[in-house]
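K.L.:
So here's entry.txt, just compact mmCIF, C-alpha atoms (C1' of nucleotides) and all ligand atoms:
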# COMPACT_ATOMS: atom_id res chain seq x y z
CA MET A 255 -4.46 -21.95 6.09
CA ALA A 256 -6.24 -21.28 9.35
CA LEU A 257 -4.46 -18.97 11.72
CA ASP A 258 -4.07 -21.02 14.89
CA ALA A 259 -0.93 -21.88 16.78
CA ASP A 260 -0.92 -25.57 15.88
CA ALA A 261 -1.18 -25.01 12.16
CA VAL A 262 1.42 -22.28 12.29
CA VAL A 263 3.79 -24.44 14.28
CA ALA A 264 3.51 -27.18 11.69
CA GLU A 265 4.07 -24.86 8.79
CA LEU A 266 7.04 -23.20 10.45
CA ALA A 267 8.59 -26.50 11.43
CA ALA A 268 8.41 -27.59 7.82
CA ARG A 269 10.78 -24.71 7.08
CA GLY A 270 13.08 -25.28 10.00
CA LEU A 271 11.65 -22.32 11.88
CA ARG A 272 10.34 -22.00 15.40
CA LEU A 273 7.29 -20.48 17.01
CA THR A 274 8.94 -18.22 19.53
CA ARG A 275 7.27 -16.36 22.36
CA GLN A 276 7.28 -13.21 20.23
CA ARG A 277 5.85 -14.88 17.15
CA ARG A 278 3.24 -16.50 19.29
CA ALA A 279 2.14 -13.12 20.57
CA VAL A 280 1.82 -11.80 17.03
CA VAL A 281 -0.14 -14.84 15.87
CA ASP A 282 -2.51 -14.55 18.80
CA ALA A 283 -3.05 -10.84 18.29
CA VAL A 284 -3.98 -11.26 14.64
CA ALA A 285 -6.08 -14.35 15.29
CA ALA A 286 -8.06 -12.64 18.04
CA SER A 287 -8.97 -9.65 15.92
CA ARG A 288 -12.42 -9.16 14.46
CA SER A 289 -11.44 -6.22 12.31
CA CYS A 290 -8.48 -5.37 10.18
CA LEU A 291 -5.27 -4.33 11.82
CA SER A 292 -2.29 -2.29 10.79
CA PRO A 293 1.16 -3.60 11.66
CA LEU A 294 1.25 -1.01 14.43
CA ASP A 295 -2.10 -2.24 15.76
CA VAL A 296 -0.72 -5.76 15.88
CA PHE A 297 2.35 -4.50 17.67
CA GLN A 298 0.34 -2.77 20.36
CA GLN A 299 -2.03 -5.69 20.84
CA ALA A 300 0.73 -8.24 20.95
CA ARG A 301 2.73 -6.22 23.44
CA ALA A 302 0.07 -6.81 26.04
CA SER A 303 1.15 -10.43 26.25
CA CYS A 304 4.79 -9.88 25.35
CA PRO A 305 5.99 -6.51 26.60
CA ASP A 306 9.52 -6.81 25.26
CA LEU A 307 8.32 -7.38 21.71
CA GLY A 308 9.89 -5.20 19.04
CA LEU A 309 8.14 -3.66 16.07
CA THR A 310 10.77 -5.13 13.81
CA THR A 311 9.77 -8.61 14.85
CA VAL A 312 6.14 -7.83 14.16
CA TYR A 313 6.98 -6.91 10.58
CA ARG A 314 9.10 -10.00 10.19
CA THR A 315 6.42 -12.26 11.61
CA LEU A 316 3.66 -10.73 9.53
CA GLU A 317 5.67 -11.37 6.41
CA LEU A 318 6.18 -14.92 7.54
CA LEU A 319 2.47 -15.44 8.15
CA ASP A 320 1.73 -13.93 4.79
CA GLU A 321 4.03 -16.39 3.05
CA ILE A 322 2.40 -19.21 4.94
CA GLY A 323 -1.00 -17.95 3.84
CA ALA A 324 -2.25 -17.46 7.38
CA LEU A 325 -3.44 -13.94 6.84
CA ARG A 326 -5.16 -11.91 4.21
CA ARG A 327 -4.31 -8.43 3.05
CA ILE A 328 -7.17 -6.00 2.99
CA HIS A 329 -7.46 -3.27 0.44
CA GLY A 330 -8.44 -0.08 2.22
CA PRO A 331 -9.29 3.29 0.72
CA SER A 332 -5.79 4.52 1.46
CA GLY A 333 -3.61 1.55 0.79
CA CYS A 334 -3.80 -2.14 1.33
CA GLU A 335 -1.58 -2.57 4.31
CA ARG A 336 -4.31 -3.86 6.56
CA LEU A 337 -4.33 -7.45 7.75
CA VAL A 338 -6.93 -9.94 8.71
CA PRO A 339 -6.68 -13.56 9.82
CA ALA A 340 -7.42 -16.12 7.13
CA SER A 341 -9.62 -18.98 8.21
CA ALA A 342 -10.05 -20.87 4.98
CA GLU A 343 -7.99 -21.79 1.98
CA HIS A 344 -9.95 -19.64 -0.39
CA GLY A 345 -11.93 -16.81 1.07
CA HIS A 346 -12.72 -13.15 0.72
CA SER A 347 -13.40 -10.39 3.19
CA VAL A 348 -16.51 -8.36 3.81
CA VAL A 349 -15.83 -5.15 5.66
CA CYS A 350 -18.56 -3.39 7.60
CA SER A 351 -18.49 0.25 6.63
CA ALA A 352 -20.05 1.27 9.94
CA CYS A 353 -18.05 -0.58 12.58
CA GLY A 354 -15.05 -1.95 10.72
CA ARG A 355 -15.74 -5.58 11.51
CA VAL A 356 -14.34 -7.98 8.94
CA THR A 357 -15.88 -11.34 8.13
CA GLU A 358 -14.66 -13.94 5.72
CA PHE A 359 -16.86 -15.60 3.17
CA THR A 360 -16.01 -18.65 1.12
CA ASP A 361 -19.13 -19.39 -0.90
CA CYS A 362 -17.77 -17.61 -3.89
CA ASP A 363 -19.00 -18.87 -7.24
CA MET A 364 -17.48 -16.49 -9.72
CA ALA A 365 -17.85 -18.73 -12.76
CA VAL A 366 -20.51 -16.62 -14.43
CA VAL A 367 -18.79 -13.31 -13.79
CA LEU A 368 -15.43 -14.69 -14.86
CA ALA A 369 -16.88 -16.06 -18.07
CA ALA A 370 -18.42 -12.68 -18.86
CA ALA A 371 -15.14 -10.91 -18.16
CA SER A 372 -13.28 -13.35 -20.35
CA ARG A 373 -15.76 -12.81 -23.15
CA GLU A 374 -15.52 -9.03 -22.88
CA THR A 375 -11.74 -8.73 -22.63
CA GLY A 376 -10.37 -11.81 -24.33
CA TYR A 377 -8.25 -12.67 -21.30
CA ARG A 378 -8.00 -16.15 -19.90
CA ILE A 379 -8.87 -15.47 -16.25
CA THR A 380 -6.77 -17.31 -13.70
CA GLY A 381 -7.30 -15.43 -10.47
CA HIS A 382 -9.57 -12.98 -8.73
CA PHE A 383 -9.28 -10.55 -5.88
CA LEU A 384 -12.67 -9.72 -4.41
CA GLN A 385 -13.50 -7.67 -1.39
CA LEU A 386 -16.98 -6.62 -0.36
CA SER A 387 -18.23 -3.82 1.81
CA GLY A 388 -21.55 -3.35 3.51
CA LEU A 389 -23.23 -3.41 6.89
CA CYS A 390 -22.77 -6.26 9.32
CA ALA A 391 -25.85 -7.84 10.87
CA GLU A 392 -25.50 -5.75 13.99
CA CYS A 393 -25.01 -2.42 12.26
CA GLY A 394 -27.64 -3.18 9.63
CA ALA A 395 -30.25 -4.11 12.20
CA ALA A 396 -29.95 -0.93 14.25
CA PRO A 397 -28.46 1.64 11.93
CA ASP A 398 -29.45 4.53 14.20
CA ARG A 399 -27.87 3.09 17.31
CA GLY A 400 -24.78 1.79 15.59
CA ARG A 401 -21.44 2.95 16.91
CA PRO A 402 -20.09 5.85 14.93
CA ALA A 403 -18.23 4.90 11.78
CA ARG A 404 -14.54 4.37 12.22
CA ARG A 405 -12.33 7.16 11.26
CA ARG A 406 -10.53 6.11 8.12
CA ALA A 407 -6.80 6.61 7.94
CA LYS A 408 -5.87 9.75 6.09
CA ALA A 409 -9.10 10.02 4.14
CA MET B 292 -15.63 9.17 -16.19
CA ALA B 293 -13.53 8.63 -19.25
CA LEU B 294 -10.01 9.94 -19.10
CA ASP B 295 -9.76 12.34 -22.03
CA ALA B 296 -8.84 15.97 -22.07
CA ASP B 297 -12.31 17.26 -22.91
CA ALA B 298 -14.04 15.43 -20.11
CA VAL B 299 -11.34 16.43 -17.65
CA VAL B 300 -11.53 20.06 -18.69
CA ALA B 301 -15.27 20.05 -18.09
CA GLU B 302 -14.98 18.44 -14.71
CA LEU B 303 -12.21 20.77 -13.62
CA ALA B 304 -14.04 23.84 -14.85
CA ALA B 305 -17.01 22.83 -12.76
CA ARG B 306 -14.75 23.24 -9.76
CA GLY B 307 -13.15 26.47 -10.87
CA LEU B 308 -9.93 24.71 -11.80
CA ARG B 309 -7.86 24.78 -14.94
CA LEU B 310 -6.25 22.20 -17.16
CA THR B 311 -2.72 23.52 -17.14
CA ARG B 312 0.13 22.41 -19.33
CA GLN B 313 1.43 20.26 -16.47
CA ARG B 314 -1.91 18.66 -15.73
CA ARG B 315 -2.39 18.02 -19.37
CA ALA B 316 0.88 16.14 -19.52
CA VAL B 317 -0.15 13.98 -16.58
CA VAL B 318 -3.57 13.24 -18.06
CA ASP B 319 -2.04 12.29 -21.38
CA ALA B 320 0.54 10.04 -19.77
CA VAL B 321 -2.04 8.10 -17.80
CA ALA B 322 -4.49 7.97 -20.67
CA ALA B 323 -1.88 6.63 -23.06
CA SER B 324 -0.84 3.80 -20.81
CA ARG B 325 -1.88 0.21 -21.43
CA SER B 326 -0.57 -1.07 -18.13
CA CYS B 327 -0.59 0.19 -14.61
CA LEU B 328 1.71 2.99 -13.61
CA SER B 329 3.26 4.17 -10.39
CA PRO B 330 3.26 7.88 -9.67
CA LEU B 331 6.94 7.88 -10.57
CA ASP B 332 6.18 6.16 -13.89
CA VAL B 333 3.65 8.85 -14.65
CA PHE B 334 6.18 11.50 -13.76
CA GLN B 335 8.78 10.10 -16.11
CA GLN B 336 6.33 9.59 -18.97
CA ALA B 337 4.81 13.03 -18.59
CA ARG B 338 8.17 14.71 -18.47
CA ALA B 339 8.75 13.75 -22.06
CA SER B 340 6.14 16.29 -23.10
CA CYS B 341 6.65 18.69 -20.22
CA PRO B 342 10.26 18.68 -19.08
CA ASP B 343 9.84 21.21 -16.30
CA LEU B 344 7.14 19.16 -14.60
CA GLY B 345 7.63 18.52 -10.90
CA LEU B 346 6.87 15.31 -9.07
CA THR B 347 4.78 17.24 -6.57
CA THR B 348 2.46 18.32 -9.32
CA VAL B 349 2.10 14.73 -10.48
CA TYR B 350 0.93 13.68 -7.04
CA ARG B 351 -1.45 16.60 -6.86
CA THR B 352 -2.88 15.93 -10.29
CA LEU B 353 -3.30 12.22 -9.66
CA GLU B 354 -5.27 12.98 -6.54
CA LEU B 355 -7.39 15.37 -8.54
CA LEU B 356 -8.07 12.79 -11.23
CA ASP B 357 -8.90 10.27 -8.56
CA GLU B 358 -11.50 12.60 -7.04
CA ILE B 359 -12.95 13.16 -10.47
CA GLY B 360 -13.12 9.42 -11.00
CA ALA B 361 -10.92 9.49 -14.06
CA LEU B 362 -8.58 6.80 -12.87
CA ARG B 363 -8.72 3.53 -11.04
CA ARG B 364 -6.42 2.29 -8.32
CA ILE B 365 -4.98 -1.12 -8.85
CA HIS B 366 -4.21 -3.52 -6.08
CA GLY B 367 -0.82 -5.00 -6.69
CA PRO B 368 0.95 -7.74 -4.77
CA SER B 369 2.97 -5.15 -2.88
CA GLY B 370 0.58 -2.33 -2.34
CA CYS B 371 -2.18 -0.70 -4.27
CA GLU B 372 -0.51 2.43 -5.42
CA ARG B 373 -0.74 1.61 -9.09
CA LEU B 374 -2.96 3.61 -11.41
CA VAL B 375 -4.88 2.92 -14.53
CA PRO B 376 -7.16 5.08 -16.66
CA ALA B 377 -10.87 4.58 -16.09
CA SER B 378 -12.98 4.41 -19.20
CA ALA B 379 -16.39 3.67 -17.78
CA GLU B 380 -18.49 4.63 -14.82
CA HIS B 381 -18.40 1.21 -13.26
CA GLY B 382 -15.61 -1.09 -14.29
CA HIS B 383 -12.97 -3.45 -13.04
CA SER B 384 -9.48 -4.25 -14.17
CA VAL B 385 -8.01 -7.45 -15.54
CA VAL B 386 -4.26 -7.58 -15.29
CA CYS B 387 -2.21 -9.83 -17.53
CA SER B 388 0.21 -11.72 -15.35
CA ALA B 389 2.59 -12.20 -18.25
CA CYS B 390 2.94 -8.76 -19.82
CA GLY B 391 1.29 -6.43 -17.34
CA ARG B 392 -1.31 -5.11 -19.71
CA VAL B 393 -4.47 -3.90 -17.98
CA THR B 394 -7.91 -4.00 -19.54
CA GLU B 395 -11.16 -2.79 -18.12
CA PHE B 396 -14.33 -4.83 -18.09
CA THR B 397 -17.80 -3.59 -17.29
CA ASP B 398 -20.05 -6.58 -17.82
CA CYS B 399 -20.04 -7.40 -14.16
CA ASP B 400 -23.13 -9.11 -12.84
CA MET B 401 -22.31 -9.87 -9.26
CA ALA B 402 -25.87 -10.35 -8.06
CA VAL B 403 -25.55 -14.08 -7.49
CA VAL B 404 -22.19 -13.87 -5.73
CA LEU B 405 -23.32 -10.96 -3.61
CA ALA B 406 -26.47 -12.78 -2.56
CA ALA B 407 -24.41 -15.81 -1.55
CA ALA B 408 -22.01 -13.66 0.44
CA SER B 409 -24.88 -11.93 2.17
CA ARG B 410 -26.43 -15.27 3.07
CA GLU B 411 -23.15 -16.61 4.43
CA THR B 412 -22.11 -13.58 6.46
CA GLY B 413 -25.33 -11.79 7.33
CA TYR B 414 -24.00 -8.52 5.93
CA ARG B 415 -26.02 -6.26 3.70
CA ILE B 416 -23.60 -5.83 0.80
CA THR B 417 -23.31 -2.33 -0.62
CA GLY B 418 -20.10 -2.34 -2.59
CA HIS B 419 -17.53 -4.55 -4.21
CA PHE B 420 -13.94 -4.29 -5.22
CA LEU B 421 -13.04 -6.84 -7.86
CA GLN B 422 -9.84 -7.26 -9.77
CA LEU B 423 -9.01 -10.15 -12.04
CA SER B 424 -5.75 -11.57 -13.24
CA GLY B 425 -5.00 -13.83 -16.14
CA LEU B 426 -3.43 -13.90 -19.57
CA CYS B 427 -4.30 -11.38 -22.23
CA ALA B 428 -5.26 -12.60 -25.69
CA GLU B 429 -1.76 -12.04 -26.98
CA CYS B 430 0.06 -13.77 -24.13
CA GLY B 431 -2.49 -16.56 -23.94
CA ALA B 432 -2.25 -17.33 -27.64
CA ALA B 433 1.52 -17.67 -27.72
CA PRO B 434 2.56 -18.43 -24.17
CA ASP B 435 6.01 -19.60 -25.24
CA ARG B 436 6.84 -16.50 -27.20
CA GLY B 437 5.35 -14.07 -24.73
CA ARG B 438 7.61 -11.37 -23.40
CA PRO B 439 9.04 -12.26 -20.06
CA ALA B 440 6.82 -11.48 -17.10
CA ARG B 441 7.33 -8.06 -15.64
CA ARG B 442 9.43 -7.82 -12.61
CA ARG B 443 7.14 -7.02 -9.73
CA ALA B 444 8.05 -4.22 -7.37
CA LYS B 445 9.72 -5.49 -4.22
CA ALA B 446 8.38 -9.03 -4.49
C1' DC C 149 27.02 -31.19 30.48
C1' DC C 150 30.02 -28.25 26.77
C1' DT C 151 30.17 -26.22 22.14
C1' DG C 152 29.34 -24.56 17.75
C1' DA C 153 26.04 -23.33 14.26
C1' DA C 154 21.88 -21.44 12.94
C1' DA C 155 17.71 -19.04 14.09
C1' DG C 156 15.88 -15.06 16.29
C1' DT C 157 15.73 -10.53 18.46
C1' DG C 158 15.40 -5.24 19.44
C1' DA C 159 17.37 -0.63 18.98
C1' DA C 160 18.95 2.42 15.95
C1' DA C 161 19.83 3.91 11.44
C1' DA C 162 18.75 3.98 6.77
C1' DC C 163 15.40 4.08 3.24
C1' DC C 164 12.02 5.88 0.28
C1' DG C 165 7.53 7.13 -1.35
C1' DT C 166 4.48 10.75 -0.16
C1' DT C 167 2.97 15.15 1.83
C1' DT C 168 3.75 19.70 3.47
C1' DT C 169 5.73 24.17 3.30
C1' DC C 170 6.90 28.22 1.08
C1' DA C 171 8.05 31.71 -1.99
C1' DA C 172 7.50 32.57 -6.72
C1' DG C 173 4.79 32.30 -11.16
C1' DA C 174 0.59 32.19 -14.20
C1' DG C 175 -3.53 34.23 -15.69
C1' DG C 176 -8.38 35.72 -15.82
C1' DA C 177 -11.71 39.55 -14.24
C1' DG C 178 -12.45 44.11 -13.85
C1' DC D 263 -2.44 47.57 -15.04
C1' DT D 264 -4.07 45.50 -10.53
C1' DC D 265 -6.00 42.25 -7.65
C1' DC D 266 -6.93 37.85 -6.45
C1' DT D 267 -7.01 33.07 -6.88
C1' DC D 268 -5.11 29.13 -8.76
C1' DT D 269 -0.81 26.71 -9.68
C1' DT D 270 3.80 25.37 -9.44
C1' DG D 271 8.65 23.26 -8.12
C1' DA D 272 12.33 22.82 -4.76
C1' DA D 273 13.33 21.64 -0.47
C1' DA D 274 12.15 19.98 3.90
C1' DA D 275 9.42 17.18 6.73
C1' DC D 276 7.01 12.98 7.51
C1' DG D 277 6.07 8.23 8.60
C1' DG D 278 5.77 3.57 7.63
C1' DT D 279 8.92 -0.14 6.42
C1' DT D 280 13.38 -2.33 5.89
C1' DT D 281 18.17 -2.95 6.92
C1' DT D 282 22.03 -3.29 9.90
C1' DC D 283 24.34 -4.99 13.73
C1' DA D 284 25.64 -6.74 18.01
C1' DC D 285 23.60 -9.78 21.03
C1' DT D 286 20.69 -13.79 22.77
C1' DT D 287 18.26 -18.16 22.36
C1' DT D 288 17.75 -22.75 20.85
C1' DC D 289 19.21 -27.15 19.84
C1' DA D 290 21.76 -30.98 17.78
C1' DG D 291 26.23 -33.23 18.04
C1' DG D 292 30.11 -34.68 20.70
MN MN E 501 -13.22 -16.36 -4.63
MN MN E 502 -18.63 -4.45 -10.56
ZN ZN E 503 -20.81 -3.35 11.64
ZN ZN E 504 -0.31 -10.17 -21.70
Can you give me the file's structure in the form of structure tokens?
Ligand SMILES: [Mn+2]
Ligand SMILES: [Mn+2]
Ligand SMILES: [Zn+2]
Ligand SMILES: [Zn+2]

P.N.:
Amino acid sequence: MALDADAVVAELAARGLRLTRQRRAVVDAVAASRSCLSPLDVFQQARASCPDLGLTTVYRTLELLDEIGALRRIHGPSGCERLVPASAEHGHSVVCSACGRVTEFTDCDMAVVLAAASRETGYRITGHFLQLSGLCAECGAAPDRGRPARRRAKA
Amino acid sequence: MALDADAVVAELAARGLRLTRQRRAVVDAVAASRSCLSPLDVFQQARASCPDLGLTTVYRTLELLDEIGALRRIHGPSGCERLVPASAEHGHSVVCSACGRVTEFTDCDMAVVLAAASRETGYRITGHFLQLSGLCAECGAAPDRGRPARRRAKA
DNA sequence: CCTGAAAGTGAAAACCGTTTTCAAGAGGAG
DNA sequence: CTCCTCTTGAAAACGGTTTTCACTTTCAGG
């Protein structure tokens, strides 16, 4: 599901829930982001437009958006508690290792790989989690002038 | 790197480290496992053969084995702090959604998918994290008689 | 308008997996 | 044996997440 207010409103309404001022701020903060965010990041961003927002509500809203399928969890080197807006039903993330930008890609034809995996392991494959890393167009084009790589949490 | 005592000894020695009784117990516990383990799981398993083992040492040893490349981190639905022995240089895990068994597969030709992703996003792709889920041969063959699905942490 | 029920909220406390600290315990080299 | 480095476990500290709780908001029904 795409992460925009209208779609979220509809999905929430279907469950008898509301899009409050606070939830709206969280949705907007995640939707506006071009890189992956921690819950604390979301909190700080969202507070700009909703100063009385509480961190508790951020966690609650993120869980809600996750259930709805409006965001994707990113698997980082030290945990997978990073979040990114989902724009398509089925999509995967590509993370730029230089600047941290995250882009979604949907043209994912895994049939060949899945068949090979099935052959090798004997499993019947029903799902896949795929996340790519590399250099975004900007960082790849001017590697020397690129902004310094983001400091990774903990690592 | 394969996760067996000999290989670990060699790798540790190269760093001036030793394979102590405690580390040995941790290595054996991880190596013997057919599904993914939490650090606490490892602790409990390893304690069987080394009762005076401390949880701190388990964490330290797991980090060591991770650096060495002797284990793989698995991305679960509620975090990615699960561990699995690595048997090949480059490999991915397939997790059985019925019984939890984890198998590694190495025949992973992602060239086509990676090219498509690069075309769609403009990134130069340099790495991929792939994890599959499905039914293992045993669970797929007799879905009715399969052991009940494992209870997932938290979820 | 009231009014009651259900949804929603933030601060504070609890929780819990992980990391750090610290003093003690191996154990190999010389 | 002696020195020095590696190693260890208990306990404390840490930090992100979840729970609790008293309070507020929203809204449908009367
Ligand atoms: Mn896909
Ligand atoms: Mn691969
Ligand atoms: Zn970039
Ligand atoms: Zn199975």

K.L.:
Could you check the closest approach to ligand MN 502 (chain E) for each of B:Gln313, B:Ser409, B:Ser424, B:Ser384 and tell me which residue wins, using all atoms listed in the file?

P.N.:
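Nearest to ligand MN 502 (chain E): B:Ser384.
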
K.L.:
Neighbouring residues of ligand MN 502 (chain E) are defined here as those with any atom at most 8 Å from a ligand atom, counting all atoms listed in the file; list them as a PyMOL selection string.

P.N.:
chain B and resi 381-383+397-401+419-421

K.L.:
Hey, can you spit out that residue selection with C-alpha atoms as a CSV table (one decimal), keeping the file's coordinate frame?

P.N.:
chain,number,residue,atom,x,y,z
B,381,HIS,CA,-18.4,1.2,-13.3
B,382,GLY,CA,-15.6,-1.1,-14.3
B,383,HIS,CA,-13.0,-3.4,-13.0
B,397,THR,CA,-17.8,-3.6,-17.3
B,398,ASP,CA,-20.0,-6.6,-17.8
B,399,CYS,CA,-20.0,-7.4,-14.2
B,400,ASP,CA,-23.1,-9.1,-12.8
B,401,MET,CA,-22.3,-9.9,-9.3
B,419,HIS,CA,-17.5,-4.6,-4.2
B,420,PHE,CA,-13.9,-4.3,-5.2
B,421,LEU,CA,-13.0,-6.8,-7.9

K.L.:
Set the distance at 10 Å and use only C-alpha atoms (C1' of nucleotides): which residues neighbour DG278 in chain D once local chain neighbours fewer than 5 positions away are removed? I'd like the list as a PyMOL selection string.

P.N.:
(chain A and resi 293-294) or (chain C and resi 164-165)

K.L.:
Dig up all the protein and nucleic acid residues within 10 Å of (-6.5, 1.8, -10.1) in the file frame, using all atoms listed in the file, and format them as a JSON list (two decimals) with C-alpha atoms, in the frame of the given file.

P.N.:
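Writing done, so here's out32.json:
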[["chain", "number", "residue", "atom", "x", "y", "z"],
["B", 327, "CYS", "CA", -0.59, 0.19, -14.61],
["B", 328, "LEU", "CA", 1.71, 2.99, -13.61],
["B", 357, "ASP", "CA", -8.90, 10.27, -8.56],
["B", 361, "ALA", "CA", -10.92, 9.49, -14.06],
["B", 362, "LEU", "CA", -8.58, 6.80, -12.87],
["B", 363, "ARG", "CA", -8.72, 3.53, -11.04],
["B", 364, "ARG", "CA", -6.42, 2.29, -8.32],
["B", 365, "ILE", "CA", -4.98, -1.12, -8.85],
["B", 366, "HIS", "CA", -4.21, -3.52, -6.08],
["B", 367, "GLY", "CA", -0.82, -5.00, -6.69],
["B", 371, "CYS", "CA", -2.18, -0.70, -4.27],
["B", 372, "GLU", "CA", -0.51, 2.43, -5.42],
["B", 373, "ARG", "CA", -0.74, 1.61, -9.09],
["B", 374, "LEU", "CA", -2.96, 3.61, -11.41],
["B", 375, "VAL", "CA", -4.88, 2.92, -14.53],
["B", 376, "PRO", "CA", -7.16, 5.08, -16.66],
["B", 377, "ALA", "CA", -10.87, 4.58, -16.09],
["B", 383, "HIS", "CA", -12.97, -3.45, -13.04],
["B", 384, "SER", "CA", -9.48, -4.25, -14.17],
["B", 393, "VAL", "CA", -4.47, -3.90, -17.98],
["B", 422, "GLN", "CA", -9.84, -7.26, -9.77]]

K.L.:
Considering all atoms listed in the file, state which residue in the set A:Ala365, A:Gly354, A:Val348, A:Ala261 is at the smallest distance from Thr417 in chain B.

P.N.:
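Going through A:Ala365, A:Gly354, A:Val348, A:Ala261 one by one, the smallest distance to Thr417 in chain B is for A:Val348.
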
K.L.:
Please check the contacts: residues of chain B at most 12 Å away from chain C, using only C-alpha atoms (C1' of nucleotides), listed as a tab-separated table (two decimals) with C-alpha atoms, in the frame of the given file.

P.N.:
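Generated output (selection_32.tsv):
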chain	number	residue	atom	x	y	z
B	307	GLY	CA	-13.15	26.47	-10.87
B	308	LEU	CA	-9.93	24.71	-11.80
B	309	ARG	CA	-7.86	24.78	-14.94
B	311	THR	CA	-2.72	23.52	-17.14
B	312	ARG	CA	0.13	22.41	-19.33
B	329	SER	CA	3.26	4.17	-10.39
B	330	PRO	CA	3.26	7.88	-9.67
B	331	LEU	CA	6.94	7.88	-10.57
B	346	LEU	CA	6.87	15.31	-9.07
B	347	THR	CA	4.78	17.24	-6.57
B	348	THR	CA	2.46	18.32	-9.32
B	349	VAL	CA	2.10	14.73	-10.48
B	350	TYR	CA	0.93	13.68	-7.04
B	351	ARG	CA	-1.45	16.60	-6.86
B	354	GLU	CA	-5.27	12.98	-6.54
B	370	GLY	CA	0.58	-2.33	-2.34
B	372	GLU	CA	-0.51	2.43	-5.42

K.L.:
Once you count all atoms listed in the file, which residues end up no further than 6 Å from (-13.5, -8.3, -19.8) in the file's frame, shown as a PyMOL selection string?

P.N.:
(chain A and resi 371-372+374-375) or (chain B and resi 396)

K.L.:
Restrict the calculation to only C-alpha atoms (C1' of nucleotides), then for each residue of chain D with any atom at most 8 Å from an atom of chain B give the closest atom pair and their distance in Å to one decimal, rows by chain and rising residue number, as a tab-separated table.

P.N.:
residue	atom	partner	partner_atom	distance
D:DC268	C1'	B:Leu308	CA	7.2
D:DT270	C1'	B:Thr348	CA	7.2
D:DG271	C1'	B:Gly345	CA	5.6
